[in-house]
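Student: Handing over model04.cif, mmCIF, C-alpha atoms.
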data_coords
loop_
_atom_site.label_atom_id
_atom_site.label_comp_id
_atom_site.auth_asym_id
_atom_site.auth_seq_id
_atom_site.Cartn_x
_atom_site.Cartn_y
_atom_site.Cartn_z
CA MET H 19 76.50 87.30 101.90
CA ILE H 20 79.90 85.67 101.34
CA PRO H 21 78.72 83.97 98.10
CA ILE H 22 77.55 87.39 96.85
CA ILE H 23 80.93 88.92 97.66
CA GLY H 24 82.74 86.08 95.90
CA ARG H 25 80.46 86.32 92.88
CA ASN H 26 80.97 90.07 92.50
CA ILE H 27 84.75 89.81 92.84
CA LYS H 28 84.91 87.05 90.23
CA ILE H 29 82.76 89.03 87.81
CA PHE H 30 84.97 92.09 88.22
CA PHE H 31 88.27 90.32 87.62
CA ARG H 32 86.80 88.24 84.81
CA ASP H 33 86.01 91.42 82.89
CA LYS H 34 89.49 92.48 81.77
CA ALA H 35 88.18 95.68 80.19
CA ASN H 36 86.57 96.74 83.48
CA VAL H 37 89.81 96.04 85.35
CA PHE H 38 91.77 98.08 82.81
CA PHE H 39 89.42 101.05 82.80
CA SER H 40 89.26 101.08 86.60
CA LEU H 41 93.00 101.77 86.52
CA LEU H 42 92.92 104.07 83.51
CA ALA H 43 93.02 107.30 85.54
CA VAL H 44 96.01 105.93 87.46
CA LEU H 45 97.80 104.98 84.24
CA ILE H 46 97.10 108.42 82.75
CA ILE H 47 98.54 110.18 85.80
CA ILE H 48 101.67 108.03 85.74
CA GLY H 49 102.05 108.56 81.99
CA LEU H 50 101.69 112.32 82.30
CA TYR H 51 104.23 112.38 85.11
CA VAL H 52 106.79 110.18 83.38
CA PHE H 53 106.60 111.86 79.98
CA PHE H 54 105.58 115.45 80.73
CA LEU H 55 105.14 116.65 84.31
CA GLY H 56 107.97 114.86 86.07
CA LYS H 57 110.83 116.78 84.51
CA ASN H 58 109.22 120.16 85.15
CA LEU H 59 108.32 119.34 88.74
CA THR H 60 111.78 117.98 89.50
CA SER H 61 113.53 120.93 87.85
CA SER H 62 111.52 123.27 90.08
CA LEU H 63 113.69 122.03 92.97
CA GLY H 64 116.85 123.02 91.11
CA ASP H 65 119.99 121.18 92.19
CA THR H 66 118.44 119.93 95.41
CA VAL H 67 119.84 116.56 96.46
CA GLY H 68 117.27 113.80 95.97
CA ALA H 69 114.83 116.01 94.06
CA GLN H 70 113.73 113.06 91.91
CA TYR H 71 113.13 110.95 95.00
CA VAL H 72 110.96 113.68 96.53
CA MET H 73 108.81 114.18 93.44
CA ASP H 74 108.46 110.46 92.72
CA SER H 75 107.21 109.92 96.26
CA TRP H 76 104.84 112.87 95.91
CA ILE H 77 103.22 111.70 92.68
CA MET H 78 103.00 108.05 93.70
CA SER H 79 101.29 108.80 97.00
CA GLY H 80 98.69 110.75 95.04
CA VAL H 81 98.31 107.93 92.54
CA ILE H 82 97.64 105.41 95.31
CA SER H 83 94.94 107.61 96.83
CA VAL H 84 93.27 108.01 93.43
CA SER H 85 93.32 104.27 92.74
CA GLY H 86 91.00 103.67 95.69
CA VAL H 87 88.28 105.70 94.00
CA THR H 88 88.62 104.42 90.45
CA THR H 89 88.85 100.74 91.38
CA THR H 90 85.88 100.78 93.75
CA MET H 91 83.90 102.50 91.02
CA GLY H 92 84.85 99.70 88.66
CA ALA H 93 83.71 97.17 91.26
CA PHE H 94 80.32 98.86 91.63
CA ALA H 95 79.81 98.49 87.88
CA VAL H 96 78.75 94.93 88.74
CA MET H 97 75.85 96.28 90.80
CA ILE H 98 74.82 98.67 88.03
CA ASP H 99 74.87 95.82 85.51
CA ASP H 100 72.78 93.68 87.84
CA ARG H 101 70.30 96.52 88.26
CA ALA H 102 70.11 97.19 84.51
CA ASN H 103 69.72 93.50 83.66
CA LYS H 104 67.03 92.99 86.33
CA ILE H 105 69.24 90.55 88.21
CA LEU H 106 68.71 92.57 91.38
CA LYS H 107 65.00 91.80 91.15
CA ASP H 108 65.82 88.11 91.08
CA PHE H 109 67.86 88.56 94.24
CA THR H 110 65.05 90.42 96.00
CA VAL H 111 62.65 87.48 95.61
CA SER H 112 65.27 85.08 96.96
CA PRO H 113 65.80 84.37 100.68
CA ILE H 114 68.70 86.86 100.72
CA ARG H 115 67.92 89.93 102.82
CA SER H 116 68.28 93.26 101.06
CA SER H 117 70.68 94.43 103.77
CA ARG H 118 72.94 91.43 103.17
CA LEU H 119 72.75 92.00 99.44
CA ALA H 120 73.79 95.64 99.84
CA ALA H 121 76.57 94.62 102.22
CA GLY H 122 77.75 92.09 99.64
CA TYR H 123 78.14 94.76 96.98
CA ILE H 124 79.85 97.16 99.39
CA LEU H 125 82.29 94.63 100.80
CA SER H 126 83.15 93.25 97.37
CA SER H 127 83.98 96.79 96.23
CA VAL H 128 86.18 97.22 99.31
CA VAL H 129 88.00 93.95 98.62
CA VAL H 130 88.52 94.83 94.96
CA GLY H 131 89.63 98.37 95.81
CA PHE H 132 92.02 97.14 98.49
CA ILE H 133 93.61 94.51 96.23
CA MET H 134 94.03 96.91 93.33
CA SER H 135 95.36 99.69 95.57
CA ILE H 136 97.90 97.33 97.13
CA VAL H 137 99.02 96.33 93.63
CA THR H 138 99.33 100.04 92.78
CA PHE H 139 101.32 100.60 95.97
CA VAL H 140 103.73 97.77 95.13
CA LEU H 141 104.23 99.11 91.61
CA ALA H 142 104.73 102.63 92.98
CA GLU H 143 107.41 101.42 95.38
CA ALA H 144 109.10 99.51 92.56
CA TYR H 145 109.09 102.64 90.38
CA ILE H 146 110.59 104.78 93.14
CA PHE H 147 113.28 102.19 93.88
CA LEU H 148 114.21 101.64 90.23
CA ASN H 149 114.38 105.41 89.77
CA GLY H 150 117.03 105.77 92.45
CA GLY H 151 114.88 106.12 95.55
CA GLU H 152 114.51 103.85 98.56
CA LEU H 153 111.83 101.43 99.66
CA LEU H 154 109.71 102.44 102.63
CA PRO H 155 110.75 100.96 105.98
CA PRO H 156 108.46 98.21 107.36
CA MET H 157 106.61 100.49 109.80
CA ALA H 158 105.89 103.02 107.06
CA MET H 159 104.60 100.22 104.84
CA LEU H 160 102.20 99.13 107.59
CA LYS H 161 100.99 102.72 107.90
CA MET H 162 100.41 102.83 104.15
CA ILE H 163 98.41 99.61 104.23
CA GLY H 164 96.21 101.07 106.95
CA LEU H 165 95.76 104.30 105.00
CA ILE H 166 94.94 102.34 101.85
CA LEU H 167 92.20 100.47 103.71
CA LEU H 168 90.77 103.72 105.10
CA THR H 169 90.93 105.32 101.65
CA VAL H 170 89.17 102.38 100.04
CA LEU H 171 86.42 102.40 102.67
CA THR H 172 85.84 106.12 102.11
CA SER H 173 86.00 105.72 98.34
CA SER H 174 83.53 102.84 98.46
CA ALA H 175 81.10 104.97 100.48
CA MET H 176 81.45 107.87 98.07
CA VAL H 177 80.95 105.72 94.98
CA TYR H 178 78.08 103.78 96.58
CA PHE H 179 76.35 107.07 97.25
CA LEU H 180 76.79 108.09 93.61
CA THR H 181 75.57 104.74 92.29
CA SER H 182 72.44 104.98 94.44
CA PHE H 183 71.23 107.59 91.92
CA PHE H 184 71.97 105.53 88.79
CA ARG H 185 69.90 102.83 87.19
CA SER H 186 71.35 102.72 83.69
CA GLN H 187 74.78 101.60 82.55
CA ASN H 188 75.16 104.68 80.33
CA ALA H 189 74.62 107.10 83.21
CA PHE H 190 77.11 105.22 85.36
CA ALA H 191 79.67 105.11 82.54
CA THR H 192 79.32 108.87 82.04
CA ALA H 193 79.78 109.53 85.75
CA SER H 194 82.81 107.23 85.82
CA THR H 195 84.38 109.10 82.92
CA ILE H 196 83.81 112.49 84.54
CA LEU H 197 85.11 111.36 87.92
CA GLY H 198 88.14 109.69 86.37
CA THR H 199 88.92 112.91 84.50
CA ILE H 200 88.70 115.35 87.39
CA ILE H 201 89.90 113.21 90.27
CA GLY H 202 93.55 113.97 89.56
CA PHE H 203 92.85 117.67 90.00
CA LEU H 204 90.63 117.22 93.05
CA ALA H 205 93.31 115.16 94.81
CA GLY H 206 96.02 117.65 93.87
CA VAL H 207 97.90 115.14 91.73
CA TYR H 208 98.11 116.76 88.30
CA VAL H 209 98.98 120.15 89.75
CA PRO H 210 100.24 120.89 93.28
CA ILE H 211 97.43 122.31 95.40
CA GLY H 212 99.43 125.42 96.26
CA GLN H 213 99.46 126.53 92.63
CA PHE H 214 95.69 126.98 92.57
CA SER H 215 93.88 130.11 93.67
CA ASP H 216 92.46 130.28 97.19
CA SER H 217 88.91 129.69 95.94
CA VAL H 218 89.92 126.57 93.99
CA GLN H 219 91.91 125.31 96.97
CA THR H 220 88.78 125.66 99.09
CA VAL H 221 86.86 123.45 96.65
CA ILE H 222 89.66 120.88 96.64
CA LYS H 223 89.63 120.77 100.44
CA LEU H 224 85.98 119.69 100.31
CA PHE H 225 87.00 116.50 98.50
CA PRO H 226 87.78 113.62 100.92
CA MET H 227 90.61 112.20 98.82
CA THR H 228 92.58 115.40 99.39
CA TYR H 229 93.08 114.26 102.98
CA SER H 230 93.88 110.72 101.93
CA ALA H 231 96.57 111.98 99.56
CA SER H 232 97.92 114.28 102.28
CA LEU H 233 98.21 111.41 104.77
CA MET H 234 99.97 109.20 102.24
CA ARG H 235 102.37 111.99 101.30
CA GLN H 236 103.27 112.45 104.95
CA VAL H 237 104.30 108.79 105.09
CA MET H 238 105.94 108.36 101.70
CA MET H 239 107.73 111.73 101.63
CA GLU H 240 109.12 111.63 105.15
CA GLU H 241 112.52 110.18 104.24
CA PRO H 242 112.94 112.02 100.91
CA LEU H 243 112.25 115.37 102.59
CA LYS H 244 114.81 114.64 105.30
CA ILE H 245 117.41 114.07 102.59
CA SER H 246 116.52 116.94 100.29
CA PHE H 247 115.72 119.59 102.89
CA ALA H 248 118.51 118.88 105.35
CA GLY H 249 119.74 122.23 106.61
CA VAL H 250 116.84 124.15 105.06
CA PRO H 251 115.01 126.50 107.47
CA VAL H 252 111.77 125.11 108.87
CA GLU H 253 109.83 127.90 107.19
CA GLY H 254 111.09 126.83 103.76
CA LEU H 255 110.17 123.20 104.38
CA ASP H 256 106.72 124.14 105.67
CA ALA H 257 106.09 126.30 102.60
CA PHE H 258 107.05 123.43 100.30
CA LYS H 259 104.80 120.99 102.18
CA LEU H 260 101.89 123.40 101.90
CA MET H 261 102.50 123.96 98.19
CA MET H 262 102.58 120.22 97.43
CA GLY H 263 99.51 119.25 99.46
CA HIS H 264 101.64 117.40 101.99
CA THR H 265 100.07 119.65 104.61
CA ILE H 266 96.52 121.00 104.46
CA ARG H 267 95.64 124.26 106.18
CA PHE H 268 92.53 126.24 106.91
CA GLY H 269 93.77 129.75 107.46
CA GLU H 270 96.72 129.44 109.81
CA THR H 271 95.56 126.13 111.26
CA ALA H 272 97.14 122.96 109.88
CA VAL H 273 95.01 119.83 109.60
CA THR H 274 96.59 117.15 111.79
CA PRO H 275 96.83 113.50 110.67
CA PHE H 276 94.27 112.56 113.32
CA THR H 277 91.85 115.16 111.98
CA SER H 278 92.34 113.87 108.43
CA ILE H 279 91.56 110.34 109.61
CA LEU H 280 88.41 111.62 111.34
CA ILE H 281 87.36 113.43 108.15
CA LEU H 282 87.76 110.28 106.07
CA SER H 283 86.03 108.06 108.63
CA GLY H 284 83.20 110.53 109.14
CA THR H 285 82.72 110.92 105.40
CA ALA H 286 82.49 107.16 104.97
CA LEU H 287 79.87 106.78 107.71
CA LEU H 288 77.85 109.77 106.46
CA LEU H 289 77.80 108.65 102.82
CA TYR H 290 76.97 105.04 103.65
CA GLY H 291 74.05 106.30 105.72
CA MET H 292 72.86 108.68 103.00
CA SER H 293 73.11 105.91 100.41
CA ILE H 294 70.95 103.58 102.47
CA LEU H 295 68.35 106.32 102.96
CA ASN H 296 68.32 107.13 99.26
CA ILE H 297 67.95 103.50 98.20
CA SER H 298 65.25 102.91 100.84
CA ARG H 299 63.33 105.95 99.60
CA LYS H 300 63.43 104.72 96.01
CA ALA H 301 62.31 101.25 97.06
CA LYS H 302 59.04 102.62 98.48
#
Is it possible to express this structure as C-alpha cells?

Tutor:
Amino acid sequence: MIPIIGRNIKIFFRDKANVFFSLLAVLIIIGLYVFFLGKNLTSSLGDTVGAQYVMDSWIMSGVISVSGVTTTMGAFAVMIDDRANKILKDFTVSPIRSSRLAAGYILSSVVVGFIMSIVTFVLAEAYIFLNGGELLPPMAMLKMIGLILLTVLTSSAMVYFLTSFFRSQNAFATASTILGTIIGFLAGVYVPIGQFSDSVQTVIKLFPMTYSASLMRQVMMEEPLKISFAGVPVEGLDAFKLMMGHTIRFGETAVTPFTSILILSGTALLLYGMSILNISRKAK
C-alpha cells in the first residue's frame, strides 16, 4: 500500500498543471478578496479598530477550508486517470488487494490535501501578518493543524464518493470545475452566510465544509474579535458572528464546536462507507 501512496503523490506533484488547478479556486477567492471584496467588507465595519485584521482572518479561514476540497479532488485525478487508462485493471490482476489499492488512493489524497492545506495556512498567516495583523499563538496553530486534518479527511471522503460515479476524465473534469466554482458560496466565503435568505442558508448548512469554515473562523478570529469588539455589547458581537458564519445556528440553537466536529467526522465515515458500497456494486 505504501508504494501505491508514494506513486500517487509523486504523480500528483509531478503534474504542475494539476497542482495549479487544484489551488485555482483558492487563488480566485484570494484574488477577489484582495482586488474587489476586501475593501467593501472592511468598510462595512466602519472605523472599527482592527477591521482589516478581522476580515483578513475571516477570509483566510474560509480559504483554508476550501483548499482541503480542491486539493484532494486534484489528488483523486490520479485515480480517474488510472481508471481511464486501464491501469486499474493491471493493478487488479496483481497481488495487491483491492482494499489496499483503494486505501492507497484515499491516503495519498489525504497526504496531498494536508500538505497543500498546510501550505495555504502558512501563506494565509503570512498575508495576515504582512497586512498588519498578528500571527496565531502556538496553541491556536495546533488547533488549526488538527482542524485542517479533519477537513482534509472529510473532503477526501466527499470527493472519493463523487469519483466513485466517474469513469471518464471529461466527467471528472466537469465535476471539478463545477465544484470549484460553487464551493466558495457553499462555504460562505464569497458572501457572508448571513446575507443569504433563510432558504439558501439552509442549503449551505447541509454542506460539510460550512462547519469546517466555522471551526477555523472560531480559532483564527478569536484575537481579532477581542480587539475590534472590545466594549461592544454581547448581542452585537453575536449578531456579527452569525452574519459572518463564525457561528452556525439552527433556529435559536447554536452549533457547538464539538457538534461541528461530530458532523465532519460522521460525514467522513458515512461517505467512505457509501463509496465502498457503490464501487463494490459496480464491480459485480

Student: Need the shell around range 289-293 of chain H: protein/DNA/RNA residues with any atom at most 12 Å away, counting all atoms listed in the file. Skip same-chain ones fewer than 2 positions apart. Format as an MDAnalysis selection string?

Tutor: chainID H and resid 120:121 124 171:184 226 281:287 295:300

Student: Residues around (106.1, 101.7, 85.0), cut-off 9 Å, counting only C-alpha atoms - what are they as a ChimeraX atom specification?

Tutor: /H:45,48-49,52,141-142,144-145

Student: Considering all atoms listed in the file, return as a list in words whatever protein or nucleic-acid residues lie within 9 Å of range 257-269 of chain H, sequence-local ones (same chain, fewer than 2 positions apart) excluded.

Tutor: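 Counting all atoms listed in the file, the residues come to Trp76, Ala205, Gly206, Val207, Val209, Pro210, Ile211, Gly212, Gln213, Thr220, Lys223, Thr228, Tyr229, Ala231, Ser232, Leu233, Met234, Arg235, Gln236, Met239, Val252, Glu253, Gly254, Leu255, Thr271, Ala272, Val273 and Thr274 of chain H.
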
Student: How would the residues just chosen look if you wrote them out with C-alpha atoms as a tab-separated table (two decimals), keeping the file's coordinate frame?

Tutor:
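See selection-v5.tsv below for the written result:
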chain	number	residue	atom	x	y	z
H	76	TRP	CA	104.84	112.87	95.91
H	205	ALA	CA	93.31	115.16	94.81
H	206	GLY	CA	96.02	117.65	93.87
H	207	VAL	CA	97.90	115.14	91.73
H	209	VAL	CA	98.98	120.15	89.75
H	210	PRO	CA	100.24	120.89	93.28
H	211	ILE	CA	97.43	122.31	95.40
H	212	GLY	CA	99.43	125.42	96.26
H	213	GLN	CA	99.46	126.53	92.63
H	220	THR	CA	88.78	125.66	99.09
H	223	LYS	CA	89.63	120.77	100.44
H	228	THR	CA	92.58	115.40	99.39
H	229	TYR	CA	93.08	114.26	102.98
H	231	ALA	CA	96.57	111.98	99.56
H	232	SER	CA	97.92	114.28	102.28
H	233	LEU	CA	98.21	111.41	104.77
H	234	MET	CA	99.97	109.20	102.24
H	235	ARG	CA	102.37	111.99	101.30
H	236	GLN	CA	103.27	112.45	104.95
H	239	MET	CA	107.73	111.73	101.63
H	252	VAL	CA	111.77	125.11	108.87
H	253	GLU	CA	109.83	127.90	107.19
H	254	GLY	CA	111.09	126.83	103.76
H	255	LEU	CA	110.17	123.20	104.38
H	271	THR	CA	95.56	126.13	111.26
H	272	ALA	CA	97.14	122.96	109.88
H	273	VAL	CA	95.01	119.83	109.60
H	274	THR	CA	96.59	117.15	111.79

Student: Between H:Ser194, H:Met227, H:Gly64, H:Ile22, which one has atoms that come closest to Leu119 in chain H, using only C-alpha atoms?

Tutor: H:Ile22

Student: Calculated over all atoms listed in the file, which of the candidates H:Tyr123, H:Tyr208, H:Phe225, H:Phe214 has the smallest distance to Ile27 in chain H?

Tutor: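 Comparing H:Tyr123, H:Tyr208, H:Phe225, H:Phe214 against Ile27 in chain H, the winner is H:Tyr123.
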
Student: In Å, with one decimal, what is the gap from CA of Gly86 in chain H to CA of Ser135 in chain H?

Tutor: 5.9 Å

Student: Which is closest to Ile163 in chain H among H:Asn188, H:Ser83, H:Thr195, H:Thr60, if we use only C-alpha atoms?

Tutor: H:Ser83

Student: Check the smallest atom-to-atom distance from each of H:Asn26, H:Ser62, H:Leu55, H:Val67 to Phe94 in chain H using all atoms listed in the file, then report the winner.

Tutor: H:Asn26

Student: Given the file shown, enumerate the residues that the PyMOL selection byres ((chain H and resi 197) around 12) captures and present them as a PyMOL selection string.

Tutor: chain H and resi 40+42-43+84-85+87-89+91-92+173+176-177+180+190-196+198-205+225

Student: Compare H:Met162, H:Thr66, H:Arg115, H:Lys34 by their minimum atom-to-atom distance to Ala248 in chain H, counting all atoms listed in the file, and give me the closest one.

Tutor: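 The closest residue to Ala248 in chain H is H:Thr66.
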
Student: Give me the residues within 10 Å of Tyr51 in chain H as a list in words, counting only C-alpha atoms and dropping any in the same chain fewer than 6 places off.

Tutor: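 The residues that qualify are Leu45, Lys57, Asn58, Leu59, Met73, Asp74, Ile77, Met78, Val207 and Tyr208 of chain H.
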
Student: Could you please give me, as number ranges by chain, the residues of protein, DNA or RNA lying at most 8 Å from (75.0, 100.1, 82.8) in the coordinate frame of the file, considering all atoms listed in the file?

Tutor: H: 95, 98-99, 102, 185-191

Student: Using all atoms listed in the file, which protein or nucleic acid residues come within 12 Å of range 158-160 of chain H? Drop anything in the same chain fewer than 5 positions from it, and give the result as an MDAnalysis selection string.

Tutor: chainID H and resid 136 139:140 143 153 165:167 233:241

Student: CA of Gly151 in chain H to CA of Tyr71 in chain H: how many Å, to one decimal?

Tutor: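 If I compute the distance from CA of Gly151 in chain H to CA of Tyr71 in chain H, I get 5.2 Å.
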
Student: So which one's closest to Glu152 in chain H, H:Pro275, H:Gly68, H:Pro251, H:Pro21? Using all atoms listed in the file, please.

Tutor: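 The closest residue to Glu152 in chain H is H:Gly68.
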
Student: Grab the CA of Leu243 in chain H to CA of Val72 in chain H distance for me, in Å with one decimal place.

Tutor: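 If I compute the distance from CA of Leu243 in chain H to CA of Val72 in chain H, I get 6.4 Å.
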
Student: Excluding Arg25 in chain H and any residue of its chain fewer than 2 positions from it, enumerate the residues within 12 Å of it, using all atoms listed in the file, and give them as a PyMOL selection string.

Tutor: chain H and resi 19-23+27-32+93+96-97+100+119+122-123+125-127+130

Student: Can you write out the residues you just picked, keeping C-alpha atoms, as a PDB file, in the coordinates of the input?

Tutor:
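The resulting part.pdb:
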ATOM      1  CA  MET H  19      76.500  87.300 101.900  1.00  0.00           C
ATOM      2  CA  ILE H  20      79.900  85.670 101.340  1.00  0.00           C
ATOM      3  CA  PRO H  21      78.720  83.970  98.100  1.00  0.00           C
ATOM      4  CA  ILE H  22      77.550  87.390  96.850  1.00  0.00           C
ATOM      5  CA  ILE H  23      80.930  88.920  97.660  1.00  0.00           C
ATOM      6  CA  ILE H  27      84.750  89.810  92.840  1.00  0.00           C
ATOM      7  CA  LYS H  28      84.910  87.050  90.230  1.00  0.00           C
ATOM      8  CA  ILE H  29      82.760  89.030  87.810  1.00  0.00           C
ATOM      9  CA  PHE H  30      84.970  92.090  88.220  1.00  0.00           C
ATOM     10  CA  PHE H  31      88.270  90.320  87.620  1.00  0.00           C
ATOM     11  CA  ARG H  32      86.800  88.240  84.810  1.00  0.00           C
ATOM     12  CA  ALA H  93      83.710  97.170  91.260  1.00  0.00           C
ATOM     13  CA  VAL H  96      78.750  94.930  88.740  1.00  0.00           C
ATOM     14  CA  MET H  97      75.850  96.280  90.800  1.00  0.00           C
ATOM     15  CA  ASP H 100      72.780  93.680  87.840  1.00  0.00           C
ATOM     16  CA  LEU H 119      72.750  92.000  99.440  1.00  0.00           C
ATOM     17  CA  GLY H 122      77.750  92.090  99.640  1.00  0.00           C
ATOM     18  CA  TYR H 123      78.140  94.760  96.980  1.00  0.00           C
ATOM     19  CA  LEU H 125      82.290  94.630 100.800  1.00  0.00           C
ATOM     20  CA  SER H 126      83.150  93.250  97.370  1.00  0.00           C
ATOM     21  CA  SER H 127      83.980  96.790  96.230  1.00  0.00           C
ATOM     22  CA  VAL H 130      88.520  94.830  94.960  1.00  0.00           C
TER      23      VAL H 130
END
